[in-house]
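What follows is the content of run_11.txt, which has compact mmCIF, C-alpha atoms:
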# COMPACT_ATOMS: atom_id res chain seq x y z
CA MET A 1 8.76 -17.18 -16.58
CA SER A 2 8.33 -14.59 -13.82
CA LYS A 3 5.92 -15.07 -10.94
CA GLN A 4 2.46 -13.54 -11.18
CA ILE A 5 2.08 -11.10 -8.29
CA ILE A 6 -1.00 -9.17 -7.18
CA VAL A 7 -0.55 -6.33 -4.70
CA LEU A 8 -3.77 -5.24 -3.04
CA GLY A 9 -3.36 -2.09 -1.04
CA SER A 10 -2.79 1.58 -0.59
CA ILE A 11 -1.70 4.40 -2.84
CA ASN A 12 -0.63 7.62 -1.13
CA ALA A 13 1.16 10.82 -1.90
CA ASP A 14 3.88 11.04 0.76
CA HIS A 15 4.72 14.54 1.98
CA VAL A 16 8.07 14.10 3.72
CA LEU A 17 9.69 16.74 5.94
CA GLN A 18 13.22 16.13 7.27
CA LEU A 19 13.81 17.63 10.74
CA ASP A 20 16.59 17.50 13.32
CA ALA A 21 14.04 16.40 15.94
CA PHE A 22 10.29 15.91 16.17
CA PRO A 23 8.30 18.93 17.33
CA SER A 24 6.58 18.87 20.71
CA PRO A 25 2.86 19.69 20.84
CA GLY A 26 2.43 23.36 19.97
CA GLN A 27 6.02 23.73 18.77
CA THR A 28 7.04 24.82 15.26
CA LEU A 29 10.38 23.66 13.87
CA ALA A 30 12.06 24.50 10.59
CA GLY A 31 12.74 21.49 8.40
CA LYS A 32 15.86 20.66 6.41
CA SER A 33 14.12 19.43 3.27
CA TYR A 34 10.65 18.71 1.94
CA GLN A 35 9.60 16.29 -0.78
CA ILE A 36 6.39 14.95 -2.25
CA MET A 37 6.86 11.33 -3.28
CA SER A 38 4.67 8.56 -4.57
CA GLY A 39 4.04 6.04 -1.85
CA GLY A 40 1.64 4.02 0.20
CA LYS A 41 2.63 0.67 1.62
CA GLY A 42 0.82 -1.11 -1.22
CA ALA A 43 2.40 0.93 -4.00
CA ASN A 44 5.80 0.46 -2.37
CA GLN A 45 5.30 -3.33 -2.34
CA ALA A 46 4.28 -3.30 -6.01
CA VAL A 47 7.31 -1.28 -7.10
CA ALA A 48 9.67 -3.49 -5.07
CA CYS A 49 8.24 -6.62 -6.73
CA ALA A 50 8.41 -5.13 -10.22
CA ARG A 51 12.01 -4.04 -9.67
CA GLN A 52 12.86 -7.63 -8.74
CA GLY A 53 11.40 -8.88 -12.04
CA GLY A 54 7.99 -10.02 -10.83
CA ASN A 55 5.02 -9.71 -13.19
CA THR A 56 3.21 -7.32 -10.86
CA ARG A 57 -0.34 -5.96 -10.97
CA MET A 58 -1.71 -3.40 -8.51
CA LEU A 59 -5.24 -3.47 -7.14
CA ALA A 60 -6.00 -0.19 -5.39
CA ALA A 61 -8.23 2.88 -5.33
CA MET A 62 -7.16 6.43 -6.08
CA GLY A 63 -8.91 9.77 -6.20
CA ASP A 64 -9.84 11.59 -9.38
CA ASP A 65 -7.05 14.09 -8.81
CA GLU A 66 -3.61 14.92 -10.13
CA LEU A 67 -1.90 13.04 -7.28
CA GLY A 68 -3.61 9.78 -8.23
CA THR A 69 -2.97 10.23 -11.94
CA ASN A 70 0.72 10.90 -11.32
CA ILE A 71 1.13 7.89 -9.02
CA SER A 72 -0.65 5.58 -11.47
CA GLN A 73 1.62 6.80 -14.26
CA GLN A 74 4.73 6.32 -12.12
CA LEU A 75 3.64 2.78 -11.21
CA SER A 76 3.32 1.99 -14.92
CA GLU A 77 6.75 3.47 -15.60
CA GLU A 78 8.15 1.17 -12.89
CA GLY A 79 6.69 -1.86 -14.67
CA VAL A 80 3.61 -2.31 -12.48
CA ASP A 81 0.37 -3.09 -14.32
CA ALA A 82 -1.94 -0.34 -13.06
CA THR A 83 -4.89 -1.03 -15.38
CA ASN A 84 -7.11 -2.40 -12.60
CA ILE A 85 -6.64 0.53 -10.21
CA LYS A 86 -10.02 2.16 -9.77
CA THR A 87 -10.61 5.90 -9.69
CA ILE A 88 -13.15 7.24 -7.22
CA ASP A 89 -15.04 10.32 -8.41
CA ASP A 90 -15.07 13.35 -6.13
CA MET A 91 -12.53 11.76 -3.78
CA GLU A 92 -8.91 12.62 -3.05
CA THR A 93 -6.02 10.18 -3.27
CA GLY A 94 -4.59 9.12 0.09
CA VAL A 95 -2.01 11.42 1.65
CA ALA A 96 0.64 10.67 4.27
CA LEU A 97 2.31 13.50 6.22
CA ILE A 98 5.68 12.21 7.34
CA PHE A 99 8.22 13.76 9.70
CA VAL A 100 11.67 12.13 9.63
CA ASN A 101 14.25 13.05 12.28
CA CYS A 102 18.05 12.95 12.04
CA ASP A 103 18.09 9.37 13.41
CA GLY A 104 15.85 8.15 10.58
CA GLU A 105 12.85 7.66 12.88
CA ASN A 106 9.53 8.81 11.51
CA MET A 107 6.09 10.00 12.59
CA ILE A 108 3.25 9.57 10.10
CA GLY A 109 -0.25 10.98 9.86
CA LEU A 110 -2.47 9.44 7.19
CA ALA A 111 -5.57 10.68 5.37
CA THR A 112 -6.79 7.47 3.74
CA GLY A 113 -8.87 9.18 1.07
CA ALA A 114 -9.74 6.80 -1.78
CA ASN A 115 -7.96 3.88 -0.07
CA HIS A 116 -11.16 3.43 1.94
CA TYR A 117 -12.88 2.40 -1.32
CA CYS A 118 -10.55 -0.53 -1.82
CA ASP A 119 -13.38 -2.73 -0.54
CA GLU A 120 -14.66 -6.31 -0.69
CA HIS A 121 -16.86 -5.58 -3.73
CA TYR A 122 -13.79 -4.36 -5.64
CA VAL A 123 -11.84 -7.49 -4.66
CA ALA A 124 -14.76 -9.67 -5.78
CA GLN A 125 -14.72 -7.93 -9.16
CA ASN A 126 -11.04 -8.87 -9.49
CA HIS A 127 -11.19 -12.32 -7.90
CA GLU A 128 -9.90 -14.09 -11.05
CA LEU A 129 -6.69 -12.05 -10.94
CA ILE A 130 -6.04 -13.20 -7.36
CA ALA A 131 -7.05 -16.80 -8.12
CA GLN A 132 -4.62 -16.97 -11.06
CA SER A 133 -1.67 -15.36 -9.27
CA ASP A 134 1.25 -17.01 -7.53
CA TYR A 135 1.38 -14.38 -4.77
CA LEU A 136 -0.95 -11.88 -3.10
CA LEU A 137 0.76 -9.10 -1.15
CA LEU A 138 -1.20 -6.94 1.30
CA GLN A 139 -0.78 -4.44 4.12
CA GLN A 140 -3.21 -2.77 6.50
CA GLU A 141 -3.71 0.69 4.98
CA ILE A 142 -6.97 -0.56 3.44
CA PRO A 143 -10.14 -1.67 5.27
CA GLU A 144 -9.76 -4.68 7.55
CA GLY A 145 -12.67 -6.51 5.91
CA THR A 146 -11.00 -6.17 2.51
CA VAL A 147 -7.80 -7.76 3.78
CA GLU A 148 -9.70 -10.66 5.37
CA TYR A 149 -11.82 -11.24 2.26
CA ALA A 150 -8.81 -11.21 -0.08
CA VAL A 151 -6.78 -13.53 2.14
CA ASP A 152 -9.65 -16.05 2.26
CA LEU A 153 -10.02 -15.85 -1.51
CA ALA A 154 -6.30 -16.40 -2.04
CA ALA A 155 -6.23 -19.34 0.38
CA ASN A 156 -9.06 -21.01 -1.54
CA HIS A 157 -6.97 -20.85 -4.72
CA GLN A 158 -3.57 -21.78 -3.25
CA THR A 159 -2.24 -18.27 -3.89
CA ILE A 160 0.61 -17.55 -1.47
CA VAL A 161 -0.30 -14.68 0.88
CA VAL A 162 2.31 -12.18 2.10
CA LEU A 163 1.13 -9.68 4.73
CA ASN A 164 2.91 -6.57 5.95
CA PRO A 165 1.00 -6.03 9.24
CA ALA A 166 1.51 -2.26 9.20
CA PRO A 167 0.07 -0.01 10.32
CA ALA A 168 -0.33 -2.11 13.43
CA ARG A 169 -3.80 -3.27 14.45
CA ASP A 170 -5.22 -6.45 15.94
CA ILE A 171 -5.12 -9.39 13.54
CA SER A 172 -7.51 -12.29 13.98
CA THR A 173 -6.24 -15.83 14.36
CA SER A 174 -8.36 -16.91 11.39
CA LEU A 175 -6.61 -14.32 9.20
CA LEU A 176 -3.16 -15.33 10.42
CA ASN A 177 -3.97 -18.98 9.70
CA ASN A 178 -4.27 -18.10 6.00
CA VAL A 179 -1.15 -15.93 5.79
CA ASP A 180 1.90 -17.75 4.45
CA ILE A 181 4.50 -15.03 5.07
CA ILE A 182 4.29 -12.10 7.48
CA THR A 183 6.78 -9.25 7.16
CA PRO A 184 6.78 -7.12 10.31
CA ARG A 185 9.34 -4.36 10.62
CA LYS A 186 10.53 -2.67 13.79
CA LYS A 187 10.72 0.67 12.01
CA GLN A 188 8.35 1.86 9.32
CA HIS A 189 9.84 4.17 6.74
CA SER A 190 8.59 5.60 3.48
CA MET A 191 10.33 2.99 1.35
CA MET A 192 10.41 4.12 -2.20
CA GLY A 193 9.61 7.60 -3.20
CA PHE A 194 9.60 5.97 -6.59
Encoded form using structure tokens:
Amino acid sequence: MSKQIIVLGSINADHVLQLDAFPSPGQTLAGKSYQIMSGGKGANQAVACARQGGNTRMLAAMGDDELGTNISQQLSEEGVDATNIKTIDDMETGVALIFVNCDGENMIGLATGANHYCDEHYVAQNHELIAQSDYLLLQQEIPEGTVEYAVDLAANHQTIVVLNPAPARDISTSLLNNVDIITPRKKQHSMMGF
């Protein structure tokens, strides 16, 4: 029987431009290639878990736009249960603008969009899913209070908590005390483009 995994986090449309080098302020450079890919650190975690055979459910917020609909559909095609993803009316799905240079380094600008609505109230509505899961995976592309609330909830139900601490921000000692596994990376890349 596969492990029950909940991923609480971000959904973004990643706009990726490959360049030889990063532009300086005010400079315009021609890119080598451009792609729009499904992403977000949360969606990437969910796809990775599903591809490894985990029974994976995504908790997230998306806009009522074509980007969100496409990402939700792609998550389902990857084997991620997307039924609890909420759609926010009159809001856009998160978007990441990513420059990648020839060394594989990246620079990312993020418009959080609907990810901001992945809030404590939403987690409370889905608390049974977290309580009944073996693992809760999170990252920090959703509000800080949401992460703290979900981690406390998971700890109260002996759900193992895995935190990707990106994008980097201060993390309280009380939060870290309830995290079982932390997965920092020196370099942050758009993982999937699933």
Problem set entry | Test item: residues at most 10 Å from Asp170 in chain A, all atoms listed in the file, excluding those fewer than 3 positions along its chain, as a VMD selection string | chain A and resid 144 165 173
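In terms of minimum interatomic distance to Leu138 in chain A, A:Gln45 ranks closest within A:Glu77, A:Gln45, A:Ile98, A:Ser38, counting all atoms listed in the file.
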Exercise. Do you know which residues are at most 7 Å from Ala155 in chain A counting only C-alpha atoms, after dropping those on the same chain fewer than 4 positions away, and could you put them as a VMD selection string?
Worked result: chain A and resid 151 159 178
Can you check which parts of range 110-176 of chain A lie within 8 Å of range 83-93 of chain A? Per residue, the shortest pair of atoms and distance in Å to one decimal, counting all atoms listed in the file, sorted by chain and number, as a Markdown table.
| residue | atom | partner | partner_atom | distance |
| --- | --- | --- | --- | --- |
| A:Thr112 | CA | A:Thr93 | CA | 7.6 |
| A:Gly113 | CA | A:Thr93 | CA | 5.3 |
| A:Ala114 | CA | A:Thr93 | CA | 5.2 |
| A:Asn115 | CA | A:Thr93 | CA | 7.3 |
| A:Tyr117 | CA | A:Ile88 | CA | 7.6 |
Please write the residues from the selection above to a file, keeping C-alpha atoms, as a PDB file, keeping the file's coordinate frame.
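The resulting file, part-v4.pdb, is reproduced below:
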ATOM      1  CA  THR A 112      -6.790   7.470   3.740  1.00  0.00           C
ATOM      2  CA  GLY A 113      -8.870   9.180   1.070  1.00  0.00           C
ATOM      3  CA  ALA A 114      -9.740   6.800  -1.780  1.00  0.00           C
ATOM      4  CA  ASN A 115      -7.960   3.880  -0.070  1.00  0.00           C
ATOM      5  CA  TYR A 117     -12.880   2.400  -1.320  1.00  0.00           C
TER       6      TYR A 117
END
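Each of A:Ile71, A:Ala50, A:Ala61, A:Val162 was compared to Ser10 in chain A using all atoms listed in the file, and A:Ala61 turns out to be the nearest.
Neighbours of Asp20 in chain A closer than or equal to 8 Å, with only C-alpha atoms counted and sequence neighbours fewer than 2 positions away skipped, come out as Gln18, Phe22, Gly31, Lys32, Asn101 and Cys102 of chain A.
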Write the selection just made, keeping C-alpha atoms, as an mmCIF file, keeping the file's coordinate frame?
data_model
loop_
_atom_site.group_PDB
_atom_site.id
_atom_site.type_symbol
_atom_site.label_atom_id
_atom_site.label_comp_id
_atom_site.auth_asym_id
_atom_site.auth_seq_id
_atom_site.Cartn_x
_atom_site.Cartn_y
_atom_site.Cartn_z
ATOM 1 C CA GLN A 18 13.220 16.130 7.270
ATOM 2 C CA PHE A 22 10.290 15.910 16.170
ATOM 3 C CA GLY A 31 12.740 21.490 8.400
ATOM 4 C CA LYS A 32 15.860 20.660 6.410
ATOM 5 C CA ASN A 101 14.250 13.050 12.280
ATOM 6 C CA CYS A 102 18.050 12.950 12.040
#
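In this model, the gap between CA of Val179 in chain A and CA of Tyr149 in chain A comes to 12.2 Å.
Closest to Thr56 in chain A among A:Val95, A:Ala131, A:Leu137, A:Ala124 is A:Leu137, based on all atoms listed in the file.
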Could you pull the residues within 9 Å of Ala96 in chain A, counting all atoms listed in the file, minus those fewer than 5 positions along the same chain, as a short mmCIF file (atom, residue, chain, number, x, y, z; two decimals) with C-alpha atoms, in the coordinates of the input?
data_model
loop_
_atom_site.label_atom_id
_atom_site.label_comp_id
_atom_site.auth_asym_id
_atom_site.auth_seq_id
_atom_site.Cartn_x
_atom_site.Cartn_y
_atom_site.Cartn_z
CA ASN A 12 -0.63 7.62 -1.13
CA ALA A 13 1.16 10.82 -1.90
CA ASP A 14 3.88 11.04 0.76
CA HIS A 15 4.72 14.54 1.98
CA VAL A 16 8.07 14.10 3.72
CA GLY A 39 4.04 6.04 -1.85
CA GLY A 40 1.64 4.02 0.20
CA ILE A 108 3.25 9.57 10.10
CA GLY A 109 -0.25 10.98 9.86
CA LEU A 110 -2.47 9.44 7.19
CA ALA A 111 -5.57 10.68 5.37
CA THR A 112 -6.79 7.47 3.74
#
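The shell of residues at most 7 Å from Val100 in chain A, with all atoms listed in the file counted and near chain neighbours (fewer than 3 positions) removed, consists of Leu17, Gln18, Leu19, Gly104, Glu105, Asn106 and Met107 of chain A.
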Residues just named, written with C-alpha atoms as a CSV table (one decimal), in the coordinates of the input:
chain,number,residue,atom,x,y,z
A,17,LEU,CA,9.7,16.7,5.9
A,18,GLN,CA,13.2,16.1,7.3
A,19,LEU,CA,13.8,17.6,10.7
A,104,GLY,CA,15.8,8.2,10.6
A,105,GLU,CA,12.8,7.7,12.9
A,106,ASN,CA,9.5,8.8,11.5
A,107,MET,CA,6.1,10.0,12.6
